[in-house]
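upload_7.pdb (PDB, C-alpha atoms)
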```pdb
ATOM      1  CA  MET R  48      99.739 103.680  87.043
ATOM      2  CA  THR R  49      99.893 107.292  88.240
ATOM      3  CA  THR R  50     101.141 107.963  91.794
ATOM      4  CA  ILE R  51     100.656 111.101  93.861
ATOM      5  CA  GLU R  52     102.377 111.257  97.251
ATOM      6  CA  HIS R  53     102.466 114.051  99.784
ATOM      7  CA  SER R  54     103.789 114.208 103.354
ATOM      8  CA  ILE R  55     102.953 116.853 105.901
ATOM      9  CA  PRO R  56     103.628 117.362 109.618
ATOM     10  CA  ILE R  57     100.478 117.722 111.704
ATOM     11  CA  ARG R  58     100.519 118.829 115.342
ATOM     12  CA  CYS R  59      98.227 116.192 116.832
ATOM     13  CA  PRO R  60      98.516 112.706 118.346
ATOM     14  CA  PRO R  61      99.092 110.006 115.674
ATOM     15  CA  ARG R  62      96.209 107.867 116.972
ATOM     16  CA  ALA R  63      93.759 110.777 116.775
ATOM     17  CA  LEU R  64      94.755 111.382 113.161
ATOM     18  CA  TYR R  65      94.594 107.665 112.333
ATOM     19  CA  ASP R  66      91.128 107.324 113.860
ATOM     20  CA  TYR R  67      89.846 110.318 111.894
ATOM     21  CA  VAL R  68      91.306 109.674 108.437
ATOM     22  CA  THR R  69      90.404 105.978 108.409
ATOM     23  CA  GLN R  70      86.708 106.891 108.427
ATOM     24  CA  PRO R  71      85.900 107.390 104.707
ATOM     25  CA  TRP R  72      82.412 108.691 105.567
ATOM     26  CA  ARG R  73      84.156 111.747 107.072
ATOM     27  CA  TRP R  74      86.477 112.441 104.141
ATOM     28  CA  HIS R  75      84.041 114.951 102.635
ATOM     29  CA  GLU R  76      84.850 117.150 105.657
ATOM     30  CA  TRP R  77      88.416 117.686 104.427
ATOM     31  CA  HIS R  78      88.865 116.236 100.919
ATOM     32  CA  PRO R  79      87.239 118.230  98.087
ATOM     33  CA  SER R  80      86.837 115.199  95.769
ATOM     34  CA  SER R  81      85.088 112.972  98.309
ATOM     35  CA  LYS R  82      81.327 113.410  98.335
ATOM     36  CA  SER R  83      80.160 110.532 100.556
ATOM     37  CA  ALA R  84      81.000 107.035 101.749
ATOM     38  CA  THR R  85      79.233 104.196 103.508
ATOM     39  CA  ALA R  86      80.427 101.124 105.385
ATOM     40  CA  ALA R  87      78.823  98.408 107.480
ATOM     41  CA  THR R  88      81.071  99.111 110.498
ATOM     42  CA  ASP R  89      82.409 102.129 112.380
ATOM     43  CA  VAL R  90      86.034 100.909 112.533
ATOM     44  CA  LEU R  91      87.443  99.531 109.288
ATOM     45  CA  GLN R  92      89.819  96.592 109.661
ATOM     46  CA  ALA R  93      91.703  94.613 107.005
ATOM     47  CA  GLY R  94      89.143  92.779 104.880
ATOM     48  CA  ASP R  95      86.323  95.278 105.530
ATOM     49  CA  THR R  96      84.714  97.071 102.596
ATOM     50  CA  TYR R  97      83.099 100.424 101.932
ATOM     51  CA  THR R  98      81.805 102.430  98.984
ATOM     52  CA  GLU R  99      82.783 105.997  98.206
ATOM     53  CA  ILE R 100      81.413 108.574  95.789
ATOM     54  CA  ILE R 101      84.067 110.874  94.329
ATOM     55  CA  GLU R 102      83.682 113.803  91.983
ATOM     56  CA  LEU R 103      86.427 115.311  89.862
ATOM     57  CA  GLN R 104      86.452 118.392  87.657
ATOM     58  CA  PRO R 105      89.117 117.790  84.975
ATOM     59  CA  PHE R 106      88.887 121.314  83.543
ATOM     60  CA  ALA R 107      88.585 124.192  86.025
ATOM     61  CA  PHE R 108      87.111 126.452  83.344
ATOM     62  CA  LEU R 109      84.288 124.004  82.413
ATOM     63  CA  PRO R 110      81.395 122.763  84.538
ATOM     64  CA  LEU R 111      82.130 119.159  83.408
ATOM     65  CA  ARG R 112      82.347 116.825  86.400
ATOM     66  CA  VAL R 113      83.273 113.151  86.532
ATOM     67  CA  ARG R 114      81.391 111.312  89.287
ATOM     68  CA  ARG R 115      82.385 107.757  90.244
ATOM     69  CA  GLN R 116      81.406 105.192  92.817
ATOM     70  CA  LEU R 117      84.337 103.210  94.157
ATOM     71  CA  SER R 118      84.034  99.808  95.798
ATOM     72  CA  CYS R 119      86.905  99.595  98.276
ATOM     73  CA  GLU R 120      88.510  96.963 100.469
ATOM     74  CA  VAL R 121      90.817  97.668 103.394
ATOM     75  CA  LEU R 122      94.095  95.818 102.814
ATOM     76  CA  VAL R 123      96.114  97.022 105.829
ATOM     77  CA  ALA R 124      94.920  98.421 109.156
ATOM     78  CA  THR R 125      97.665  98.756 111.773
ATOM     79  CA  PRO R 126      96.797 101.642 114.080
ATOM     80  CA  PRO R 127      98.377 104.123 114.442
ATOM     81  CA  HIS R 128     101.001 103.287 111.803
ATOM     82  CA  GLU R 129      99.475 102.440 108.431
ATOM     83  CA  TRP R 130      96.186 102.043 106.595
ATOM     84  CA  ALA R 131      95.787 100.967 102.958
ATOM     85  CA  VAL R 132      92.858 100.289 100.640
ATOM     86  CA  ARG R 133      92.212  99.199  97.067
ATOM     87  CA  GLY R 134      89.237 100.572  95.185
ATOM     88  CA  THR R 135      87.671  99.819  91.835
ATOM     89  CA  SER R 136      85.067 101.453  89.658
ATOM     90  CA  ARG R 137      84.059 100.944  86.047
ATOM     91  CA  GLY R 138      87.404 100.445  84.341
ATOM     92  CA  SER R 139      89.520 102.099  87.017
ATOM     93  CA  VAL R 140      91.599 100.940  89.953
ATOM     94  CA  MET R 141      92.872 102.973  92.902
ATOM     95  CA  ASN R 142      95.255 102.254  95.776
ATOM     96  CA  LEU R 143      95.391 104.572  98.772
ATOM     97  CA  ARG R 144      97.948 104.316 101.554
ATOM     98  CA  TYR R 145      98.207 106.396 104.723
ATOM     99  CA  ARG R 146     101.352 106.282 106.868
ATOM    100  CA  PHE R 147     101.716 107.876 110.299
ATOM    101  CA  GLN R 148     105.210 108.570 111.663
ATOM    102  CA  PRO R 149     105.440 110.024 115.179
ATOM    103  CA  ILE R 150     107.603 113.153 115.329
ATOM    104  CA  ALA R 151     108.357 115.571 118.168
ATOM    105  CA  GLU R 152     105.609 117.990 117.089
ATOM    106  CA  GLY R 153     102.948 115.302 116.452
ATOM    107  CA  VAL R 154     102.865 113.142 113.359
ATOM    108  CA  LYS R 155     104.271 113.117 109.846
ATOM    109  CA  PHE R 156     101.321 112.046 107.697
ATOM    110  CA  THR R 157     102.034 110.580 104.262
ATOM    111  CA  ARG R 158      99.225 110.054 101.779
ATOM    112  CA  THR R 159      99.979 107.998  98.660
ATOM    113  CA  LEU R 160      97.356 107.689  95.923
ATOM    114  CA  SER R 161      98.018 105.430  92.927
ATOM    115  CA  TYR R 162      95.479 104.930  90.203
ATOM    116  CA  GLU R 163      94.932 103.790  86.645
ATOM    117  CA  ILE R 164      92.134 105.023  84.423
ATOM    118  CA  LYS R 165      90.999 102.710  81.648
ATOM    119  CA  GLY R 166      88.356 102.985  78.976
ATOM    120  CA  PRO R 167      86.931 106.209  77.540
ATOM    121  CA  LEU R 168      87.938 108.305  80.562
ATOM    122  CA  ALA R 169      91.613 107.472  79.958
ATOM    123  CA  VAL R 170      91.716 110.364  77.471
ATOM    124  CA  LEU R 171      91.135 112.713  80.436
ATOM    125  CA  GLY R 172      94.002 111.131  82.408
ATOM    126  CA  PRO R 173      96.475 114.050  82.303
ATOM    127  CA  PHE R 174      93.756 116.545  83.244
ATOM    128  CA  LEU R 175      92.454 114.348  86.065
ATOM    129  CA  THR R 176      95.999 113.893  87.377
ATOM    130  CA  ARG R 177      96.533 117.658  87.513
ATOM    131  CA  GLN R 178      93.209 118.051  89.328
ATOM    132  CA  ASN R 179      94.020 115.159  91.698
ATOM    133  CA  ARG R 180      97.354 116.769  92.626
ATOM    134  CA  ARG R 181      95.630 120.080  93.436
ATOM    135  CA  ALA R 182      92.845 118.342  95.376
ATOM    136  CA  SER R 183      95.405 116.371  97.419
ATOM    137  CA  LEU R 184      97.204 119.557  98.464
ATOM    138  CA  VAL R 185      93.917 121.245  99.390
ATOM    139  CA  ALA R 186      92.843 118.121 101.306
ATOM    140  CA  LEU R 187      96.044 118.007 103.356
ATOM    141  CA  ALA R 188      95.815 121.713 104.168
ATOM    142  CA  ASN R 189      92.180 121.239 105.274
ATOM    143  CA  LEU R 190      93.102 118.163 107.310
ATOM    144  CA  THR R 191      95.992 119.951 109.024
ATOM    145  CA  ARG R 192      93.800 122.916 109.997
ATOM    146  CA  SER R 193      91.051 120.669 111.316
ATOM    147  CA  MET R 194      93.275 118.303 113.304
ATOM    148  CA  GLU R 195      95.468 121.040 114.771
ATOM    149  CA  ALA R 196      92.421 123.046 115.843
ATOM    150  CA  GLN R 197      90.930 119.937 117.427
ATOM    151  CA  ALA R 198      94.226 119.061 119.172
ATOM    152  CA  SER R 199      94.609 122.588 120.559
ATOM    153  CA  GLN R 200      91.158 122.342 122.175
ATOM    154  CA  SER R 201      91.760 118.907 123.679
ATOM    155  CA  PRO R 202      93.193 118.817 127.215
ATOM    156  CA  THR R 203      94.873 115.462 126.442
ATOM    157  CA  ALA R 204      96.611 116.587 123.255
ATOM    158  CA  SER R 205     100.165 116.262 124.492
ATOM    159  CA  GLY R 206     102.404 114.967 121.743
ATOM    160  CA  PRO R 207     102.737 111.643 119.921
ATOM    161  CA  ASP R 208     100.931 108.454 120.952
TER     162      ASP R 208
END
```
Final structure tokens representation of the file:
Amino acid sequence: MTTIEHSIPIRCPPRALYDYVTQPWRWHEWHPSSKSATAATDVLQAGDTYTEIIELQPFAFLPLRVRRQLSCEVLVATPPHEWAVRGTSRGSVMNLRYRFQPIAEGVKFTRTLSYEIKGPLAVLGPFLTRQNRRASLVALANLTRSMEAQASQSPTASGPD
């Protein structure tokens, strides 16, 4: 199992961040690997499911892209503290965990992605891991910009929830 974890401070209310990042159908707005997602409900609770389409490019210098559909189940949903899911696709498993820690400036957001690639794609594992690490950093930078811009425009954005 490969694990990628990043933490970043974001100047916005924890609940606003929680509400936004726990909507997989909006991930394409900030995460470069997420292409789309669908769910039967607007607020995902423990036990709810959704599907997500992701696309990875293991080699930056080649146009080769790996596109997967993940079937995901929410395992933990405790707003605004933690959210966790488990996803599967042909021969692969993924666990994603978001943690939200209130801090003086807003929230410390921690994103932990663990995954295992099985079958023929396992040979691309090291290349996909490198790409996943880069995509995670880009995603968090995009998320920070978006949430901080939104918080600065909101008259009620006054610190942690």
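Among the candidates R:Pro126, R:Glu152, R:Thr88, R:Ser136, the residue lying nearest to Ile101 of chain R is R:Ser136 (atoms considered: all atoms listed in the file).
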Residues picked by the PyMOL selection byres ((chain R and resi 56-62) around 9) here, as a PDB file with C-alpha atoms, keeping the file's coordinate frame?
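Final output, result_3.pdb:
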```
ATOM      1  CA  SER R  54     103.789 114.208 103.354  1.00  0.00           C
ATOM      2  CA  ILE R  55     102.953 116.853 105.901  1.00  0.00           C
ATOM      3  CA  ALA R  63      93.759 110.777 116.775  1.00  0.00           C
ATOM      4  CA  LEU R  64      94.755 111.382 113.161  1.00  0.00           C
ATOM      5  CA  TYR R  65      94.594 107.665 112.333  1.00  0.00           C
ATOM      6  CA  ASP R  66      91.128 107.324 113.860  1.00  0.00           C
ATOM      7  CA  TYR R  67      89.846 110.318 111.894  1.00  0.00           C
ATOM      8  CA  PRO R 126      96.797 101.642 114.080  1.00  0.00           C
ATOM      9  CA  PRO R 127      98.377 104.123 114.442  1.00  0.00           C
ATOM     10  CA  HIS R 128     101.001 103.287 111.803  1.00  0.00           C
ATOM     11  CA  PHE R 147     101.716 107.876 110.299  1.00  0.00           C
ATOM     12  CA  GLN R 148     105.210 108.570 111.663  1.00  0.00           C
ATOM     13  CA  PRO R 149     105.440 110.024 115.179  1.00  0.00           C
ATOM     14  CA  ILE R 150     107.603 113.153 115.329  1.00  0.00           C
ATOM     15  CA  ALA R 151     108.357 115.571 118.168  1.00  0.00           C
ATOM     16  CA  GLU R 152     105.609 117.990 117.089  1.00  0.00           C
ATOM     17  CA  GLY R 153     102.948 115.302 116.452  1.00  0.00           C
ATOM     18  CA  VAL R 154     102.865 113.142 113.359  1.00  0.00           C
ATOM     19  CA  LYS R 155     104.271 113.117 109.846  1.00  0.00           C
ATOM     20  CA  PHE R 156     101.321 112.046 107.697  1.00  0.00           C
ATOM     21  CA  THR R 157     102.034 110.580 104.262  1.00  0.00           C
ATOM     22  CA  LEU R 190      93.102 118.163 107.310  1.00  0.00           C
ATOM     23  CA  THR R 191      95.992 119.951 109.024  1.00  0.00           C
ATOM     24  CA  ARG R 192      93.800 122.916 109.997  1.00  0.00           C
ATOM     25  CA  MET R 194      93.275 118.303 113.304  1.00  0.00           C
ATOM     26  CA  GLU R 195      95.468 121.040 114.771  1.00  0.00           C
ATOM     27  CA  GLN R 197      90.930 119.937 117.427  1.00  0.00           C
ATOM     28  CA  ALA R 198      94.226 119.061 119.172  1.00  0.00           C
ATOM     29  CA  SER R 199      94.609 122.588 120.559  1.00  0.00           C
ATOM     30  CA  ALA R 204      96.611 116.587 123.255  1.00  0.00           C
ATOM     31  CA  SER R 205     100.165 116.262 124.492  1.00  0.00           C
ATOM     32  CA  GLY R 206     102.404 114.967 121.743  1.00  0.00           C
ATOM     33  CA  PRO R 207     102.737 111.643 119.921  1.00  0.00           C
ATOM     34  CA  ASP R 208     100.931 108.454 120.952  1.00  0.00           C
TER      35      ASP R 208
END
```
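The shortest atom-to-atom distance to Ser81 of chain R, with only C-alpha atoms taken into account, belongs to R:Arg115 out of R:Arg177, R:His53, R:Arg115, R:Lys165.
With atom CA of Glu163 of chain R on one side and atom CA of Ala131 of chain R on the other, the separation reads 16.6 Å.
Shortest separation to Glu76 of chain R among R:Gln178, R:Thr50, R:Ser139, R:Asn189 occurs at residue R:Asn189, atoms counted being only C-alpha atoms.
Atom to atom, atom CA of Gly138 of chain R and atom CA of Arg180 of chain R stand 20.8 Å apart.
Residues matched by the PyMOL selection byres ((chain R and resi 119) around 8) in this structure: Thr96, Tyr97, Thr98, Glu99, Leu117, Ser118, Glu120, Val121, Val132, Arg133, Gly134 and Thr135 of chain R.
A straight line drawn from atom CA of Leu171 of chain R to atom CA of Ser80 of chain R is 16.1 Å long.
Minimum atom-to-atom distance to Thr69 of chain R, evaluated using all atoms listed in the file, belongs to R:Val90 out of R:Leu160, R:Thr85, R:Val90, R:Ile100.
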Close residues, segment 168-170 of chain R itself excluded, 12 Å, all atoms listed in the file, min 2 positions apart in chain, as an MDAnalysis selection string: chainID R and resid 48:49 103 105 112:115 136:140 162:166 172:176
